[in-house]
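> Before I ask anything, let me first share the structure, which is written out below as structure tokens.
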Amino acid sequence: MKVALIQIDIKRGDTEVNYAHALEMMRQALAIEKKPDVLVLPEMWNIGYALKQLSQKADVDGTETKRILQEFAQKNDVNIVAGSVATNKAGKFYNTNYVFSRNGQIINDYDKVHLFGLMQEDRFISSGTQRSNFNLDEIPASAVICYDIRFPEWLRTLMAQGSQILFVSAQWPVPRIKQWEILLQARAIENQAYVVAVNRVGDERRDSFNGHSMVIDPLGNIVVQAKSEAEEIVYADLDLEQVAKVRGVIPVFNDRRPELYR
Ligand SMILES: O=C(O)CCC(=O)C(=O)O
């Protein structure tokens, strides 16, 4: 499975610019000889962290995101892990991940569960309650959003359903970028899964973002990482046989003792 990580900048509150830019970068990601099977976007790429503008700018029921990305997926025969967008569902705001299969079907609709108080997300956004499990070209996978990676118990809950790939979309700021790398490597090792993680770049008011998008294998090795702290498309081929091999050598999932964990 070939993945393309779309590390982009986001213009705060400007949905028109952001949709056009994401589409343009997705087209660029496909303009190579061996086309990727999956495109992956960062967190909140429709509005950035313009939380005070949610009532005007959040995508109502994800309608615009779905319209644009369903068409793109179908037309280009490509899966899209659409990072996350700000949505308005029945008057409440969410930070929502959609995943589109090659035929344009929506196969995941996940609202970020852990809201990041340091960026006041919890004041404006409601927390999700549903899981995030889907099959991408028949491979079981999960997708989470930014701060979620600090909650290994939540990721384990998802990954224990058989997921072989964990997609992570983020707006993870510069000062804690080392933690981003270590947490992602730990999540790959403990879940013996590929981690495909996309962070944005650029500045927004008080925060700066420097990418470091990366793919990590089930042993925790970095397969590839963005070369720059600017916009970039990063490609990787995932050898999914590695997941079964690693899980076969140390059967972590079989050795769990969930009856002792509560
Ligand atoms: O956990 C962190 O340090 C960053 C989290 C974050 O920025 C977010 O969830 O939006």
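Ligands are numbered from 1 in the order shown, chains are lettered A, B, ... in the order of the structure tokens, and residues start at 1 in each chain.
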What are the nearest atom pairs, with distances in Å to one decimal, for all residues of region 90-155 of chain A that come at most 9 Å from region 67-71 of chain A, using only C-alpha atoms, set out by chain and rising residue number as CSV?


residue,atom,partner,partner_atom,distance
A:Phe100,CA,A:Gln70,CA,6.5
A:Ser101,CA,A:Gln70,CA,8.3
A:Arg102,CA,A:Gln70,CA,8.6
A:Asn103,CA,A:Gln70,CA,7.8
A:Gly104,CA,A:Gln70,CA,4.3
A:Gln105,CA,A:Gln70,CA,6.8
A:Ile106,CA,A:Gln70,CA,7.7

> Write the residues of the selection above to a file with C-alpha atoms, as an mmCIF file, in the first residue's frame.


data_model
loop_
_atom_site.group_PDB
_atom_site.id
_atom_site.type_symbol
_atom_site.label_atom_id
_atom_site.label_comp_id
_atom_site.auth_asym_id
_atom_site.auth_seq_id
_atom_site.Cartn_x
_atom_site.Cartn_y
_atom_site.Cartn_z
ATOM 1 C CA PHE A 100 -13.318 8.022 1.656
ATOM 2 C CA SER A 101 -12.754 4.770 -0.218
ATOM 3 C CA ARG A 102 -11.756 4.653 -3.895
ATOM 4 C CA ASN A 103 -15.378 4.537 -4.974
ATOM 5 C CA GLY A 104 -16.209 7.669 -2.987
ATOM 6 C CA GLN A 105 -17.964 5.891 -0.119
ATOM 7 C CA ILE A 106 -17.589 7.392 3.364
#

> Produce as a ChimeraX atom specification the set of residues near ligand 1, where near means within 6 Å with only C-alpha atoms and all ligand atoms considered.

/A:116,146-147,171-172,176

> Restricted to N, CA and C atoms, what would the selected residues look like written as a JSON list (two decimals), in the first residue's frame?


[["chain", "number", "residue", "atom", "x", "y", "z"],
["A", 116, "PHE", "N", -8.16, 19.34, 23.22],
["A", 116, "PHE", "CA", -6.91, 19.90, 23.73],
["A", 116, "PHE", "C", -7.15, 21.24, 24.43],
["A", 146, "CYS", "N", -4.45, 14.17, 16.48],
["A", 146, "CYS", "CA", -3.53, 14.97, 17.31],
["A", 146, "CYS", "C", -3.44, 14.53, 18.77],
["A", 147, "TYR", "N", -4.02, 15.28, 19.68],
["A", 147, "TYR", "CA", -3.92, 15.03, 21.13],
["A", 147, "TYR", "C", -4.32, 13.59, 21.49],
["A", 171, "GLN", "N", -2.27, 19.14, 14.17],
["A", 171, "GLN", "CA", -1.71, 20.49, 14.15],
["A", 171, "GLN", "C", -0.88, 20.53, 15.43],
["A", 172, "TRP", "N", 0.28, 19.94, 15.37],
["A", 172, "TRP", "CA", 1.13, 19.74, 16.56],
["A", 172, "TRP", "C", 2.20, 20.82, 16.57],
["A", 176, "ARG", "N", 6.70, 21.17, 21.06],
["A", 176, "ARG", "CA", 6.59, 19.79, 21.55],
["A", 176, "ARG", "C", 6.81, 18.76, 20.44]]

> Within 7 Å of Asn97 (chain A), counting only C-alpha atoms, which residues qualify if same-chain residues fewer than 3 places away don't, as a list in words?

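Those residues are Ala82, Gly83, Ser84, Val85, Asp109, Tyr110 and Asp111 of chain A.
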
> Quick one: residues within 10 Å of Pro42 (chain A), only C-alpha atoms counted, chain neighbours fewer than 5 positions away excluded, as a list in words?

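Using only C-alpha atoms, the neighbours found are Leu5, Ile6, Gln7, Ile8, Asp9, Ile10, Ala22, Gly48, Val81, Ala82, Gly83, Ser84, Val85, Asn97, Ile145, Cys146, Val168, Ser169, Ala170, Gln171, Trp172, Ala197, Val198, Asn199, Arg200, Val201, Gly211 and Ser213 of chain A.
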
> Would you mind reading off the distance between CA of Ile107 (chain A) and CA of Glu16 (chain A), one decimal, in Å?

25.1 Å

> From a DSSP pass on the backbone, collect the residues of region 47-233 of chain A flagged as helix (DSSP H, G or I) and hand them back as a count of residues only.

59

> Residues within 9 Å of Gln242 (chain A), please, as a PyMOL selection string. Count only C-alpha atoms; anything in the same chain fewer than 6 positions from it doesn't count.

chain A and resi 193-194+217-219

> Would you tabulate, counting only C-alpha atoms, all residues of region 141-259 of chain A that have an atom at most 9 Å from an atom of region 126-136 of chain A, showing the closest pair of atoms and their distance in Å to one decimal, sorted by chain then ascending number, as CSV?


residue,atom,partner,partner_atom,distance
A:Ala141,CA,A:Phe134,CA,5.5
A:Ser142,CA,A:Asn133,CA,4.7
A:Ala143,CA,A:Ser132,CA,5.9
A:Val144,CA,A:Ser132,CA,7.2
A:Thr157,CA,A:Arg131,CA,8.6
A:Leu158,CA,A:Asn133,CA,6.6
A:Met159,CA,A:Asn133,CA,8.2
A:Gln161,CA,A:Asn133,CA,7.6
A:Gly162,CA,A:Asn133,CA,9.0
A:Ser163,CA,A:Asn133,CA,7.4

> Generate the output file for the selected residues, N, CA and C atoms, as a PDB file, in the first residue's frame.


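Listing of out21.pdb after writing:
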ATOM      1  N   ALA A 141      -7.881  -0.639   9.617  1.00  0.00           N
ATOM      2  CA  ALA A 141      -7.105   0.546   9.997  1.00  0.00           C
ATOM      3  C   ALA A 141      -7.923   1.404  10.963  1.00  0.00           C
ATOM      4  N   SER A 142      -7.221   2.349  11.603  1.00  0.00           N
ATOM      5  CA  SER A 142      -7.873   3.324  12.488  1.00  0.00           C
ATOM      6  C   SER A 142      -7.296   4.698  12.193  1.00  0.00           C
ATOM      7  N   ALA A 143      -8.041   5.741  12.546  1.00  0.00           N
ATOM      8  CA  ALA A 143      -7.537   7.112  12.360  1.00  0.00           C
ATOM      9  C   ALA A 143      -7.855   7.911  13.615  1.00  0.00           C
ATOM     10  N   VAL A 144      -6.860   8.633  14.121  1.00  0.00           N
ATOM     11  CA  VAL A 144      -7.096   9.489  15.284  1.00  0.00           C
ATOM     12  C   VAL A 144      -6.548  10.883  15.013  1.00  0.00           C
ATOM     13  N   THR A 157      -7.683   0.469  22.378  1.00  0.00           N
ATOM     14  CA  THR A 157      -9.077   0.050  22.174  1.00  0.00           C
ATOM     15  C   THR A 157      -9.372  -0.070  20.679  1.00  0.00           C
ATOM     16  N   LEU A 158      -8.890   0.899  19.927  1.00  0.00           N
ATOM     17  CA  LEU A 158      -9.137   0.883  18.474  1.00  0.00           C
ATOM     18  C   LEU A 158      -8.294  -0.193  17.787  1.00  0.00           C
ATOM     19  N   MET A 159      -7.004  -0.224  18.130  1.00  0.00           N
ATOM     20  CA  MET A 159      -6.083  -1.123  17.428  1.00  0.00           C
ATOM     21  C   MET A 159      -6.374  -2.588  17.753  1.00  0.00           C
ATOM     22  N   GLN A 161      -9.018  -3.995  17.648  1.00  0.00           N
ATOM     23  CA  GLN A 161     -10.022  -4.518  16.710  1.00  0.00           C
ATOM     24  C   GLN A 161      -9.360  -5.147  15.483  1.00  0.00           C
ATOM     25  N   GLY A 162      -8.021  -5.137  15.447  1.00  0.00           N
ATOM     26  CA  GLY A 162      -7.314  -5.773  14.324  1.00  0.00           C
ATOM     27  C   GLY A 162      -6.641  -4.790  13.378  1.00  0.00           C
ATOM     28  N   SER A 163      -6.657  -3.502  13.711  1.00  0.00           N
ATOM     29  CA  SER A 163      -6.073  -2.496  12.816  1.00  0.00           C
ATOM     30  C   SER A 163      -4.587  -2.753  12.580  1.00  0.00           C
TER      31      SER A 163
END

> For Leu54 (chain A), please output as a short mmCIF file (atom, residue, chain, number, x, y, z; two decimals) with C-alpha atoms, in the first residue's frame all residues within 10 Å (counting only C-alpha atoms; exclusion window: fewer than 2 positions along the same chain).


data_model
loop_
_atom_site.label_atom_id
_atom_site.label_comp_id
_atom_site.auth_asym_id
_atom_site.auth_seq_id
_atom_site.Cartn_x
_atom_site.Cartn_y
_atom_site.Cartn_z
CA GLY A 13 -10.71 30.75 8.72
CA ILE A 47 -10.41 26.43 8.89
CA TYR A 49 -7.88 26.77 14.67
CA ALA A 50 -10.34 29.61 13.95
CA LEU A 51 -12.51 28.34 16.80
CA LYS A 52 -14.36 31.65 17.30
CA GLN A 56 -19.98 30.69 10.33
CA LYS A 57 -17.25 28.41 9.01
CA ALA A 58 -17.76 24.84 10.30
CA ASP A 59 -18.91 22.49 7.55
CA ALA A 86 -14.39 21.46 11.62
CA THR A 87 -18.00 20.29 11.34
CA ASN A 88 -21.39 21.42 12.59
CA LYS A 92 -22.76 21.29 17.86
CA PHE A 93 -19.21 21.64 16.59
CA TYR A 94 -16.80 18.74 16.13
CA PHE A 124 -15.69 25.41 21.50
CA ILE A 125 -15.80 21.82 20.30
#

> Would you return as a VMD selection string the members of region 64-241 of chain A that DSSP assigns to strand (DSSP E) on this structure's backbone?

chain A and resid 79 to 81 85 to 89 92 to 100 106 to 111 133 to 136 139 to 145 165 to 170 194 to 199 201 to 204 207 to 210 214 to 216 222 to 225 232 to 237

> For the residues in the current selection, export C-alpha atoms as a JSON list (two decimals), in the first residue's frame.


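For reference, result.json as written:
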[["chain", "number", "residue", "atom", "x", "y", "z"],
["A", 79, "ASN", "CA", -8.56, 6.39, -0.94],
["A", 80, "ILE", "CA", -8.51, 9.56, 1.17],
["A", 81, "VAL", "CA", -7.92, 9.75, 4.91],
["A", 85, "VAL", "CA", -12.34, 19.26, 9.33],
["A", 86, "ALA", "CA", -14.39, 21.46, 11.62],
["A", 87, "THR", "CA", -18.00, 20.29, 11.34],
["A", 88, "ASN", "CA", -21.39, 21.42, 12.59],
["A", 89, "LYS", "CA", -23.60, 18.46, 13.42],
["A", 92, "LYS", "CA", -22.76, 21.29, 17.86],
["A", 93, "PHE", "CA", -19.21, 21.64, 16.59],
["A", 94, "TYR", "CA", -16.80, 18.74, 16.13],
["A", 95, "ASN", "CA", -13.28, 18.05, 14.89],
["A", 96, "THR", "CA", -14.17, 15.30, 12.42],
["A", 97, "ASN", "CA", -12.20, 12.72, 10.48],
["A", 98, "TYR", "CA", -13.80, 11.37, 7.30],
["A", 99, "VAL", "CA", -12.30, 8.55, 5.28],
["A", 100, "PHE", "CA", -13.32, 8.02, 1.66],
["A", 106, "ILE", "CA", -17.59, 7.39, 3.36],
["A", 107, "ILE", "CA", -16.09, 4.59, 5.46],
["A", 108, "ASN", "CA", -15.24, 6.54, 8.62],
["A", 109, "ASP", "CA", -16.88, 9.46, 10.44],
["A", 110, "TYR", "CA", -14.95, 10.01, 13.69],
["A", 111, "ASP", "CA", -15.15, 13.03, 15.99],
["A", 133, "ASN", "CA", -12.22, 1.54, 12.66],
["A", 134, "PHE", "CA", -12.52, 0.89, 8.93],
["A", 135, "ASN", "CA", -11.11, -1.24, 6.12],
["A", 136, "LEU", "CA", -8.99, 0.46, 3.51],
["A", 139, "ILE", "CA", -6.80, -3.66, 5.36],
["A", 140, "PRO", "CA", -8.17, -2.93, 8.87],
["A", 141, "ALA", "CA", -7.11, 0.55, 10.00],
["A", 142, "SER", "CA", -7.87, 3.32, 12.49],
["A", 143, "ALA", "CA", -7.54, 7.11, 12.36],
["A", 144, "VAL", "CA", -7.10, 9.49, 15.28],
["A", 145, "ILE", "CA", -6.51, 13.19, 15.70],
["A", 165, "ILE", "CA", -2.34, 0.91, 10.27],
["A", 166, "LEU", "CA", -2.87, 3.91, 12.54],
["A", 167, "PHE", "CA", -3.41, 7.19, 10.69],
["A", 168, "VAL", "CA", -2.75, 10.36, 12.71],
["A", 169, "SER", "CA", -3.64, 13.88, 11.57],
["A", 170, "ALA", "CA", -2.36, 16.83, 13.55],
["A", 194, "TYR", "CA", 2.33, 1.08, 10.84],
["A", 195, "VAL", "CA", 1.80, 4.67, 11.93],
["A", 196, "VAL", "CA", 1.17, 7.22, 9.17],
["A", 197, "ALA", "CA", 1.22, 10.69, 10.72],
["A", 198, "VAL", "CA", 0.68, 14.05, 9.03],
["A", 199, "ASN", "CA", 1.27, 17.39, 10.74],
["A", 201, "VAL", "CA", 3.19, 23.57, 8.70],
["A", 202, "GLY", "CA", 2.90, 27.38, 8.98],
["A", 203, "ASP", "CA", 1.96, 29.91, 11.64],
["A", 204, "GLU", "CA", -1.35, 30.72, 13.28],
["A", 207, "ASP", "CA", 1.31, 28.86, 17.41],
["A", 208, "SER", "CA", 3.82, 27.66, 14.81],
["A", 209, "PHE", "CA", 3.80, 24.25, 13.20],
["A", 210, "ASN", "CA", 6.78, 22.50, 11.65],
["A", 214, "MET", "CA", 6.34, 10.60, 9.22],
["A", 215, "VAL", "CA", 5.74, 6.92, 8.61],
["A", 216, "ILE", "CA", 6.85, 4.42, 11.26],
["A", 222, "ILE", "CA", 11.11, 5.64, 10.94],
["A", 223, "VAL", "CA", 10.48, 4.58, 7.33],
["A", 224, "VAL", "CA", 10.37, 8.14, 6.03],
["A", 225, "GLN", "CA", 10.06, 11.64, 7.45],
["A", 232, "GLU", "CA", 5.86, 18.78, 1.17],
["A", 233, "ILE", "CA", 4.40, 15.51, -0.06],
["A", 234, "VAL", "CA", 5.97, 12.47, 1.57],
["A", 235, "TYR", "CA", 5.54, 9.00, 0.05],
["A", 236, "ALA", "CA", 6.00, 5.55, 1.59],
["A", 237, "ASP", "CA", 5.26, 1.96, 0.65]]

> Which of these, A:Leu115, A:Leu39, A:Ala31, A:Ala244, has the shortest distance to Val78 (chain A) once you count only C-alpha atoms?

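Residue with the minimum atom-to-atom distance to Val78 (chain A): A:Leu39.
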
> Of the candidates A:Lys75, A:Lys66, A:Lys11, A:Arg247, which one gets nearest to Ile189 (chain A) if we count only C-alpha atoms?

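Among the listed residues, the smallest separation from Ile189 (chain A) belongs to A:Arg247.
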
> What is the CA of Gln164 (chain A)-CA of Val113 (chain A) distance in Å, reported with one decimal?

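Value for the CA of Gln164 (chain A)-CA of Val113 (chain A) distance: 20.7 Å.
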
> To one decimal place, how far is CA of Lys2 (chain A) from CA of Met25 (chain A) in Å?

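Going from CA of Lys2 (chain A) over to CA of Met25 (chain A), I get 16.6 Å.
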